[in-house]
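Chemist: Data file structure10.cif (mmCIF, C-alpha atoms) is appended below.
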data_input
loop_
_atom_site.label_atom_id
_atom_site.label_comp_id
_atom_site.auth_asym_id
_atom_site.auth_seq_id
_atom_site.Cartn_x
_atom_site.Cartn_y
_atom_site.Cartn_z
CA MET A 420 18.66 -54.11 58.60
CA TYR A 421 17.90 -51.48 56.00
CA ILE A 422 15.61 -53.00 53.41
CA ILE A 423 14.37 -51.29 50.25
CA ILE A 424 11.22 -52.54 48.58
CA VAL A 425 10.38 -51.70 45.00
CA GLY A 426 6.72 -51.65 43.98
CA GLY A 427 3.84 -50.66 46.24
CA GLY A 428 1.22 -53.09 44.97
CA ARG A 429 -0.55 -55.52 47.26
CA LEU A 430 2.58 -57.61 47.72
CA GLY A 431 4.89 -54.63 48.26
CA TYR A 432 2.48 -53.02 50.71
CA SER A 433 2.03 -56.15 52.82
CA LEU A 434 5.74 -56.87 52.77
CA THR A 435 6.59 -53.33 53.90
CA LYS A 436 4.07 -53.58 56.70
CA ALA A 437 5.45 -56.93 57.85
CA LEU A 438 9.08 -55.78 57.76
CA LEU A 439 8.23 -52.60 59.66
CA ALA A 440 6.47 -54.68 62.27
CA GLU A 441 9.62 -56.76 62.63
CA GLY A 442 11.53 -53.60 63.40
CA HIS A 443 13.51 -53.24 60.18
CA GLU A 444 14.29 -49.90 58.66
CA THR A 445 12.20 -50.09 55.53
CA LEU A 446 11.72 -47.85 52.53
CA LEU A 447 9.27 -48.42 49.71
CA ILE A 448 9.81 -46.98 46.23
CA GLU A 449 6.68 -46.61 44.14
CA ARG A 450 6.09 -44.81 40.86
CA ASN A 451 2.43 -43.97 41.23
CA PHE A 452 1.67 -40.78 43.15
CA GLU A 453 -1.73 -41.82 44.53
CA VAL A 454 -0.46 -45.21 45.71
CA CYS A 455 2.41 -43.40 47.45
CA GLU A 456 0.09 -40.98 49.22
CA LYS A 457 -2.17 -43.77 50.39
CA ILE A 458 0.70 -45.84 51.78
CA ASN A 459 2.28 -42.84 53.50
CA LYS A 460 -1.05 -42.09 55.13
CA GLU A 461 -1.42 -45.65 56.36
CA LEU A 462 2.10 -46.69 57.30
CA GLY A 463 3.81 -43.40 58.06
CA ASN A 464 6.26 -41.60 55.84
CA ILE A 465 8.09 -44.55 54.33
CA CYS A 466 7.19 -44.33 50.64
CA LEU A 467 9.46 -42.58 48.16
CA ARG A 468 7.89 -41.66 44.89
CA GLY A 469 9.88 -42.49 41.79
CA ASP A 470 11.17 -45.06 39.34
CA ALA A 471 13.50 -47.42 41.17
CA CYS A 472 15.12 -48.40 37.89
CA GLU A 473 16.72 -44.95 37.81
CA THR A 474 20.03 -44.64 39.59
CA GLY A 475 19.06 -41.17 40.80
CA ILE A 476 16.09 -42.47 42.76
CA GLN A 477 18.08 -45.33 44.25
CA ALA A 478 20.77 -42.84 45.27
CA GLU A 479 18.12 -40.69 46.94
CA ALA A 480 16.81 -43.76 48.73
CA GLY A 481 20.24 -44.38 50.20
CA THR A 482 20.60 -47.69 48.40
CA GLY A 483 24.35 -47.57 49.01
CA ARG A 484 23.83 -48.47 52.65
CA ALA A 485 20.97 -50.91 52.12
CA ASP A 486 21.41 -54.52 53.21
CA MET A 487 18.80 -55.79 50.85
CA LEU A 488 16.61 -54.72 47.95
CA ILE A 489 13.41 -56.59 47.16
CA ALA A 490 11.75 -55.85 43.80
CA VAL A 491 8.11 -56.89 43.67
CA THR A 492 6.49 -54.91 40.87
CA GLY A 493 4.22 -56.74 38.45
CA ASP A 494 6.73 -56.53 35.61
CA ASP A 495 9.56 -59.03 35.47
CA GLU A 496 11.86 -56.77 33.48
CA ASP A 497 11.39 -53.88 35.91
CA ASN A 498 12.23 -56.15 38.82
CA LEU A 499 15.34 -57.32 37.00
CA VAL A 500 16.63 -53.84 36.26
CA ALA A 501 15.89 -52.48 39.75
CA SER A 502 17.83 -55.43 41.22
CA GLN A 503 20.73 -54.99 38.82
CA VAL A 504 20.98 -51.25 39.49
CA ALA A 505 21.08 -52.00 43.23
CA LYS A 506 23.59 -54.77 42.88
CA TYR A 507 26.01 -53.39 40.33
CA ARG A 508 25.73 -49.65 40.93
CA PHE A 509 25.24 -49.57 44.71
CA ASN A 510 26.77 -52.92 45.73
CA VAL A 511 23.72 -54.06 47.69
CA PRO A 512 24.75 -57.45 49.12
CA ARG A 513 21.43 -59.18 48.59
CA THR A 514 18.81 -58.65 45.91
CA ILE A 515 15.51 -60.47 45.68
CA ALA A 516 13.22 -60.24 42.67
CA ARG A 517 9.72 -61.45 42.09
CA VAL A 518 9.15 -63.22 38.77
CA ARG A 519 5.76 -63.75 37.18
CA ASP A 520 6.94 -66.05 34.40
CA PRO A 521 8.50 -69.18 35.97
CA ARG A 522 10.89 -69.43 33.03
CA ASN A 523 12.53 -66.17 34.06
CA GLU A 524 13.85 -67.66 37.29
CA SER A 525 16.97 -69.14 35.74
CA ILE A 526 17.50 -66.11 33.51
CA PHE A 527 17.45 -63.74 36.48
CA LYS A 528 19.90 -65.95 38.31
CA LYS A 529 22.29 -65.89 35.36
CA LEU A 530 22.00 -62.12 35.21
CA GLY A 531 23.01 -61.63 38.82
CA VAL A 532 19.82 -61.53 40.92
CA ASP A 533 20.56 -63.40 44.16
CA VAL A 534 17.13 -64.81 44.91
CA THR A 535 13.98 -65.10 42.85
CA VAL A 536 10.52 -65.63 44.23
CA ASN A 537 7.97 -67.06 41.91
CA SER A 538 4.40 -66.80 43.14
CA THR A 539 3.04 -68.95 40.32
CA ASN A 540 5.17 -71.93 41.34
CA ILE A 541 4.44 -71.46 45.02
CA ILE A 542 0.69 -71.57 44.42
CA LEU A 543 1.06 -74.47 42.01
CA GLU A 544 3.05 -76.48 44.53
CA ARG A 545 0.55 -75.74 47.26
CA ILE A 546 -2.32 -76.93 45.06
CA GLU A 547 -0.41 -80.07 44.01
CA HIS A 548 0.04 -80.87 47.66
CA GLU A 549 -3.70 -80.66 48.25
CA VAL A 550 -4.53 -83.03 45.40
CA PRO A 551 -4.66 -86.43 47.13
CA SER A 552 -3.65 -88.45 44.08
CA HIS A 553 -0.61 -86.35 43.31
CA PRO A 554 2.45 -88.61 43.61
CA LEU A 555 5.12 -85.97 44.09
CA THR A 556 5.07 -82.50 45.56
CA HIS A 557 7.91 -80.01 45.55
CA LEU A 558 7.71 -78.58 49.04
CA PHE A 559 10.59 -76.18 49.30
CA CYS A 560 13.67 -75.11 47.39
CA ILE A 561 16.56 -75.20 49.80
CA THR A 562 18.83 -73.16 47.60
CA GLY A 563 16.03 -70.79 46.73
CA ASP A 564 16.42 -70.14 43.08
CA GLN A 565 18.53 -72.63 41.21
CA ARG A 566 16.31 -75.56 42.16
CA ASP A 567 19.38 -77.69 42.55
CA LEU A 568 18.28 -79.02 45.92
CA GLU A 569 14.78 -79.18 47.26
CA ILE A 570 12.56 -80.89 49.76
CA MET A 571 9.89 -83.02 48.15
CA GLU A 572 7.16 -85.33 49.25
CA VAL A 573 6.68 -88.65 47.46
CA ARG A 574 3.63 -90.83 48.00
CA ALA A 575 4.44 -94.51 47.70
CA ARG A 576 2.01 -96.66 45.76
CA SER A 577 3.16 -99.39 43.38
CA GLY A 578 6.77 -98.59 42.52
CA VAL A 579 9.59 -101.14 42.61
CA ALA A 580 10.76 -99.79 45.96
CA VAL A 581 7.51 -100.67 47.69
CA GLY A 582 7.89 -103.83 49.76
CA LYS A 583 11.67 -103.41 49.81
CA SER A 584 13.93 -102.06 52.51
CA LEU A 585 16.02 -98.95 52.15
CA ASN A 586 19.16 -101.15 51.83
CA GLU A 587 17.69 -102.99 48.87
CA ILE A 588 16.81 -100.05 46.67
CA ASN A 589 19.02 -97.97 44.44
CA LEU A 590 18.40 -94.35 45.19
CA PRO A 591 19.39 -91.76 42.60
CA ASP A 592 22.50 -89.71 43.33
CA LYS A 593 22.44 -87.05 46.04
CA VAL A 594 19.09 -88.18 47.43
CA VAL A 595 18.47 -88.31 51.17
CA LEU A 596 15.25 -89.80 52.50
CA GLY A 597 14.65 -87.79 55.62
CA LEU A 598 11.31 -88.89 56.96
CA VAL A 599 8.52 -91.41 56.50
CA ILE A 600 4.94 -90.70 57.50
CA ARG A 601 2.88 -93.87 57.76
CA ASP A 602 -0.89 -94.01 58.36
CA GLY A 603 -0.86 -90.49 59.75
CA GLY A 604 1.23 -91.72 62.66
CA LYS A 605 4.35 -90.28 64.16
CA PRO A 606 6.90 -89.58 61.44
CA PHE A 607 10.11 -91.59 61.66
CA VAL A 608 13.53 -91.50 60.04
CA PRO A 609 13.96 -94.48 57.70
CA ARG A 610 16.82 -96.84 58.53
CA GLY A 611 18.53 -99.41 56.36
CA ASP A 612 16.00 -102.08 57.30
CA THR A 613 12.89 -99.91 56.97
CA VAL A 614 10.54 -101.58 54.48
CA PHE A 615 8.49 -99.12 52.45
CA GLN A 616 4.76 -99.66 52.21
CA SER A 617 2.13 -98.48 49.83
CA GLY A 618 0.61 -95.31 51.25
CA ASP A 619 3.82 -94.10 52.88
CA HIS A 620 4.52 -90.40 52.58
CA ILE A 621 8.24 -90.00 52.11
CA ILE A 622 9.97 -86.68 52.61
CA ALA A 623 13.15 -86.50 50.56
CA VAL A 624 15.90 -83.97 50.04
CA ALA A 625 17.01 -84.26 46.44
CA PRO A 626 18.04 -82.35 43.33
CA ALA A 627 14.92 -81.26 41.45
CA ALA A 628 16.12 -83.16 38.39
CA VAL A 629 15.70 -86.57 40.02
CA GLY A 630 12.12 -85.93 41.12
CA GLU A 631 10.79 -88.04 38.28
CA ASP A 632 13.15 -90.94 39.14
CA LEU A 633 11.95 -90.84 42.73
CA ARG A 634 8.35 -90.81 41.66
CA LEU A 635 8.92 -93.86 39.43
CA LEU A 636 10.78 -95.68 42.18
CA PHE A 637 8.03 -95.31 44.75
CA ASN A 638 4.90 -94.60 42.80
CA GLY A 639 5.38 -96.69 39.69
CA ALA A 640 4.65 -95.88 36.08
CA MET B 319 24.48 -61.46 8.38
CA LYS B 320 21.50 -62.82 10.30
CA VAL B 321 19.89 -60.10 12.42
CA ILE B 322 17.01 -60.16 14.88
CA ILE B 323 15.34 -56.82 15.57
CA MET B 324 13.09 -56.74 18.62
CA GLY B 325 10.52 -53.96 18.38
CA CYS B 326 9.06 -53.03 15.01
CA GLY B 327 8.40 -49.37 15.69
CA ARG B 328 9.67 -46.61 13.43
CA VAL B 329 13.33 -47.25 14.19
CA GLY B 330 13.05 -51.03 14.17
CA ALA B 331 11.12 -51.14 10.91
CA GLN B 332 13.46 -48.71 9.19
CA LEU B 333 16.53 -50.65 10.31
CA ALA B 334 14.90 -53.89 9.16
CA SER B 335 14.19 -52.36 5.78
CA LEU B 336 17.74 -51.00 5.35
CA LEU B 337 19.38 -54.31 6.24
CA ASP B 338 16.93 -56.26 4.12
CA LYS B 339 17.72 -54.12 1.08
CA GLU B 340 21.40 -54.87 1.55
CA GLY B 341 20.65 -58.57 1.39
CA HIS B 342 20.92 -59.47 5.09
CA SER B 343 18.62 -62.01 6.66
CA VAL B 344 16.30 -60.07 8.96
CA VAL B 345 13.74 -61.16 11.56
CA ALA B 346 11.50 -58.39 12.89
CA LEU B 347 9.98 -59.32 16.23
CA ASP B 348 7.06 -57.54 17.89
CA THR B 349 4.26 -58.29 20.33
CA ASP B 350 1.80 -56.33 18.19
CA ALA B 351 1.16 -57.59 14.66
CA TYR B 352 -0.13 -54.13 13.72
CA SER B 353 3.47 -52.84 13.98
CA PHE B 354 4.44 -54.89 10.95
CA ARG B 355 2.52 -52.47 8.72
CA ARG B 356 5.64 -50.31 8.94
CA LEU B 357 7.68 -52.86 7.01
CA PRO B 358 7.99 -52.09 3.29
CA ALA B 359 5.90 -54.07 0.81
CA ASP B 360 9.00 -55.70 -0.70
CA PHE B 361 10.41 -56.82 2.68
CA LYS B 362 11.93 -60.26 2.21
CA GLY B 363 12.69 -60.99 5.86
CA THR B 364 10.44 -62.51 8.50
CA ALA B 365 7.92 -60.67 10.64
CA LEU B 366 7.47 -62.73 13.78
CA LEU B 367 4.78 -62.11 16.36
CA GLY B 368 5.98 -62.75 19.89
CA ASN B 369 7.57 -61.48 23.06
CA GLY B 370 11.33 -61.14 22.84
CA LEU B 371 11.67 -61.79 26.57
CA ASP B 372 10.52 -65.35 25.97
CA GLU B 373 13.34 -67.83 25.34
CA ASP B 374 11.14 -69.99 23.13
CA VAL B 375 10.20 -67.04 20.95
CA LEU B 376 13.85 -66.02 20.65
CA LYS B 377 14.76 -69.55 19.59
CA LYS B 378 11.96 -69.51 17.04
CA ALA B 379 13.41 -66.27 15.71
CA GLY B 380 16.68 -68.15 15.25
CA ILE B 381 18.72 -66.49 17.98
CA GLU B 382 21.00 -69.51 18.24
CA GLU B 383 22.34 -68.83 14.75
CA ALA B 384 21.97 -65.04 14.78
CA ASP B 385 25.00 -62.80 14.21
CA ALA B 386 23.34 -59.75 15.70
CA PHE B 387 20.47 -58.76 17.98
CA VAL B 388 18.98 -55.28 18.28
CA ALA B 389 16.49 -54.30 21.01
CA VAL B 390 14.49 -51.19 20.16
CA THR B 391 11.12 -51.52 21.90
CA GLN B 392 9.66 -48.56 23.79
CA GLY B 393 10.61 -50.03 27.16
CA ASP B 394 14.14 -49.44 28.44
CA ASN B 395 13.94 -52.35 30.84
CA ARG B 396 12.55 -54.69 28.23
CA ASN B 397 15.42 -53.80 25.91
CA VAL B 398 17.92 -54.28 28.70
CA MET B 399 16.56 -57.68 29.64
CA ALA B 400 16.33 -58.96 26.05
CA ALA B 401 19.80 -57.68 25.21
CA GLN B 402 21.28 -59.39 28.24
CA MET B 403 19.55 -62.63 27.31
CA ALA B 404 20.93 -62.40 23.78
CA ARG B 405 24.41 -61.61 25.05
CA LYS B 406 24.77 -63.81 28.10
CA ILE B 407 22.45 -66.74 27.46
CA PHE B 408 22.56 -67.11 23.67
CA ASN B 409 26.05 -65.68 23.16
CA VAL B 410 25.07 -63.51 20.21
CA ASN B 411 28.18 -61.78 18.94
CA LYS B 412 26.82 -58.30 18.31
CA VAL B 413 24.08 -56.99 20.59
CA LEU B 414 22.75 -53.45 20.47
CA CYS B 415 20.21 -51.97 22.82
CA ARG B 416 18.35 -48.69 23.02
CA ILE B 417 18.04 -47.13 26.46
CA TYR B 418 16.32 -43.75 26.60
CA ASP B 419 17.48 -43.02 30.14
CA PRO B 420 21.11 -41.81 29.90
CA LEU B 421 21.98 -42.85 33.47
CA ARG B 422 20.69 -46.36 32.96
CA ARG B 423 22.59 -46.46 29.68
CA ASP B 424 25.83 -45.56 31.45
CA LEU B 425 25.35 -48.34 34.00
CA TYR B 426 24.67 -51.01 31.42
CA THR B 427 27.61 -49.88 29.32
CA ILE B 428 29.81 -50.53 32.34
CA LEU B 429 28.13 -53.93 32.67
CA GLY B 430 29.17 -54.75 29.13
CA LEU B 431 26.11 -54.01 27.04
CA GLU B 432 26.50 -51.97 23.89
CA ALA B 433 23.75 -49.50 24.64
CA LEU B 434 22.78 -46.26 22.91
CA SER B 435 20.76 -43.46 24.40
CA PRO B 436 18.85 -41.52 21.72
CA THR B 437 18.24 -38.86 24.35
CA THR B 438 21.94 -38.07 24.69
CA ILE B 439 22.75 -38.52 21.03
CA PHE B 440 19.96 -36.23 19.86
CA ALA B 441 20.65 -33.59 22.50
CA GLU B 442 24.27 -33.46 21.41
CA MET B 443 23.27 -33.23 17.76
CA LEU B 444 20.88 -30.37 18.49
CA LYS B 445 23.57 -28.53 20.42
CA GLU B 446 26.01 -28.93 17.55
CA LYS B 447 23.44 -27.59 15.09
CA LEU B 448 22.84 -24.59 17.31
CA GLU B 449 26.52 -23.81 17.45
CA THR B 450 27.10 -23.83 13.69
#
Could you express the structure from this file as structure tokens?

Modeler:
Amino acid sequence: MYIIIVGGGRLGYSLTKALLAEGHETLLIERNFEVCEKINKELGNICLRGDACETGIQAEAGTGRADMLIAVTGDDEDNLVASQVAKYRFNVPRTIARVRDPRNESIFKKLGVDVTVNSTNIILERIEHEVPSHPLTHLFCITGDQRDLEIMEVRARSGVAVGKSLNEINLPDKVVLGLVIRDGGKPFVPRGDTVFQSGDHIIAVAPAAVGEDLRLLFNGA
Amino acid sequence: MKVIIMGCGRVGAQLASLLDKEGHSVVALDTDAYSFRRLPADFKGTALLGNGLDEDVLKKAGIEEADAFVAVTQGDNRNVMAAQMARKIFNVNKVLCRIYDPLRRDLYTILGLEALSPTTIFAEMLKEKLET
């Protein structure tokens, strides 16, 4: 695959290095001359100096034949424009943009960016998971950006579903309970007659919007 | 007409002043309160401190009822992003956007933004002056 990365900061540098190691043809576009020099010295001649929001630079980079463009500068609006130039001017099939402000995720999606990666949310979710009392953790967005389906972990405590079997409870729409982890034992797939207990860790696939309903059901008010 | 102008630099402030004098309802939006010094003393509109890339700020500026939105900050990409938000998320009827880079301006025109490049406009004006 030919992958173009925009922004040679810490994230862009590490990403370039990782993709090169995986054997992908990779090109990094970076505005700052010194950063460019440094990366070229370390990784070989793979850094093009210039503003990736300019069509001229993307043309020079051969964006027309790229399979993917990943924009990871520190500025949301720059990542948006670089992705849009790639997508709408050079027909790059897949564009990925980093967003700093979580609220920009849905905006980027509406404006044509295929995938958004939001470091703030990723760190937040990781921390939530480490807080023992936290009743619900968003583990992974299956559809990446729209948050319409994700994997989440619910910790059962005193909700109405505790003490009842799967058959007896009313799950919100589009929810699948995939796995139960009980007392740190071997995880099992819940069946109709599985009775939920306080302390169960339940892994669910569900739309993000029903997370609160799930939490109420298993964890209580 | 209710107009939101994002970026209260020389152009933004002058446009705000002109529209205000004609009796339009104007909101001047900028991330730097110091920019508002450019507004005339008798300015009757609103000077709002905030980032126009923030949906909440745009709502506070009244974008849901606005007839027009103009993006004239120093950053091409910021203008592009704000203008697209105004157009595609808030459905503002008239959206204008300054893009210094002529090539980027051409692309976004194709994508449906009404964008002006002062670079091109001024170069053409200078050429005309030279020829007369």

Chemist: Restrict the distance test to only C-alpha atoms, flag each residue of chain B within 12 Å of chain A, and return the flagged residues as an mmCIF file with C-alpha atoms, keeping the file's coordinate frame.

Modeler:
data_model
loop_
_atom_site.group_PDB
_atom_site.id
_atom_site.type_symbol
_atom_site.label_atom_id
_atom_site.label_comp_id
_atom_site.auth_asym_id
_atom_site.auth_seq_id
_atom_site.Cartn_x
_atom_site.Cartn_y
_atom_site.Cartn_z
ATOM 1 C CA GLY B 370 11.330 -61.140 22.840
ATOM 2 C CA LEU B 371 11.670 -61.790 26.570
ATOM 3 C CA ASP B 372 10.520 -65.350 25.970
ATOM 4 C CA GLU B 373 13.340 -67.830 25.340
ATOM 5 C CA ASP B 374 11.140 -69.990 23.130
ATOM 6 C CA GLY B 393 10.610 -50.030 27.160
ATOM 7 C CA ASP B 394 14.140 -49.440 28.440
ATOM 8 C CA ASN B 395 13.940 -52.350 30.840
ATOM 9 C CA ARG B 396 12.550 -54.690 28.230
ATOM 10 C CA ASN B 397 15.420 -53.800 25.910
ATOM 11 C CA VAL B 398 17.920 -54.280 28.700
ATOM 12 C CA MET B 399 16.560 -57.680 29.640
ATOM 13 C CA ALA B 400 16.330 -58.960 26.050
ATOM 14 C CA ALA B 401 19.800 -57.680 25.210
ATOM 15 C CA GLN B 402 21.280 -59.390 28.240
ATOM 16 C CA MET B 403 19.550 -62.630 27.310
ATOM 17 C CA ALA B 404 20.930 -62.400 23.780
ATOM 18 C CA ARG B 405 24.410 -61.610 25.050
ATOM 19 C CA LYS B 406 24.770 -63.810 28.100
ATOM 20 C CA ILE B 407 22.450 -66.740 27.460
ATOM 21 C CA PHE B 408 22.560 -67.110 23.670
ATOM 22 C CA ILE B 417 18.040 -47.130 26.460
ATOM 23 C CA TYR B 418 16.320 -43.750 26.600
ATOM 24 C CA ASP B 419 17.480 -43.020 30.140
ATOM 25 C CA PRO B 420 21.110 -41.810 29.900
ATOM 26 C CA LEU B 421 21.980 -42.850 33.470
ATOM 27 C CA ARG B 422 20.690 -46.360 32.960
ATOM 28 C CA ARG B 423 22.590 -46.460 29.680
ATOM 29 C CA ASP B 424 25.830 -45.560 31.450
ATOM 30 C CA LEU B 425 25.350 -48.340 34.000
ATOM 31 C CA TYR B 426 24.670 -51.010 31.420
ATOM 32 C CA THR B 427 27.610 -49.880 29.320
ATOM 33 C CA ILE B 428 29.810 -50.530 32.340
ATOM 34 C CA LEU B 429 28.130 -53.930 32.670
ATOM 35 C CA GLY B 430 29.170 -54.750 29.130
#

Chemist: Given all atoms listed in the file as the basis, pick out the residue of B:Asp348, B:Glu442, B:Asp385, B:Asp338 nearest to Leu414 (chain B).

Modeler: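 Under the stated criterion, the closest residue is B:Asp385.
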
Chemist: For the file shown, what are the residues hit by the PyMOL selection byres ((chain A and resi 421-433) around 8), laid out as a PyMOL selection string?

Modeler: chain A and resi 420+434-437+443-450+454-455+458+471+482+484-493+498+501

Chemist: Step by step, work through what the PyMOL selection byres ((chain B and resi 352) around 12) selects in the shown file, and finish by giving those residues as a PyMOL selection string.

Modeler: chain B and resi 325-327+331+347-351+353-357+365-367

Chemist: What does the PyMOL selection byres ((chain B and resi 339) around 12) select in this file, as JSON, numbers by chain?

Modeler: {"B": [332, 333, 334, 335, 336, 337, 338, 340, 341, 342, 343, 344, 357, 358, 359, 360, 361, 362, 363]}

Chemist: CA of Glu456 (chain A) and CA of Gly469 (chain A) are how many Å apart?

Modeler: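 CA of Glu456 (chain A) sits 12.4 Å away from CA of Gly469 (chain A).
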
Chemist: Hey, what's within 6 Å of region 386-390 of chain B if we count all atoms listed in the file and toss same-chain stuff fewer than 4 positions away? As a list of chain:residue names, please?

Modeler: B:Val321, B:Ile322, B:Ile323, B:Met324, B:Gly325, B:Asn397, B:Lys412, B:Val413, B:Leu414, B:Cys415, B:Arg416

Chemist: To one decimal place, how far is CA of Ser617 (chain A) from CA of Phe559 (chain A) in Å?

Modeler: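 Atom-to-atom, CA of Ser617 (chain A) and CA of Phe559 (chain A) are spaced 23.9 Å apart.
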
Chemist: State, in Å with one decimal place, the distance from CA of Val536 (chain A) to CA of Glu572 (chain A).

Modeler: 20.6 Å

Chemist: Pick from A:Ala478, A:Leu585, A:Ile465, A:Val511: nearest to Leu636 (chain A), with all atoms listed in the file counted?

Modeler: A:Leu585

Chemist: Would you list the contacts of Val629 (chain A) as a list in words, taking every protein, DNA or RNA residue within 9 Å and counting all atoms listed in the file, but skipping same-chain residues closer than 3 positions in sequence?

Modeler: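 The residues that qualify are Pro591, Asp592, Val594, Ala625, Pro626, Asp632, Leu633 and Arg634 of chain A.
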
Chemist: With a distance cut-off of 10 Å and only C-alpha atoms, select the neighbouring residues of Ala575 (chain A), excluding the residue or stretch itself and same-chain residues fewer than 2 positions from it, and output the selection as a VMD selection string.

Modeler: chain A and resid 554 to 555 572 to 573 577 to 581 615 to 621 633 to 639
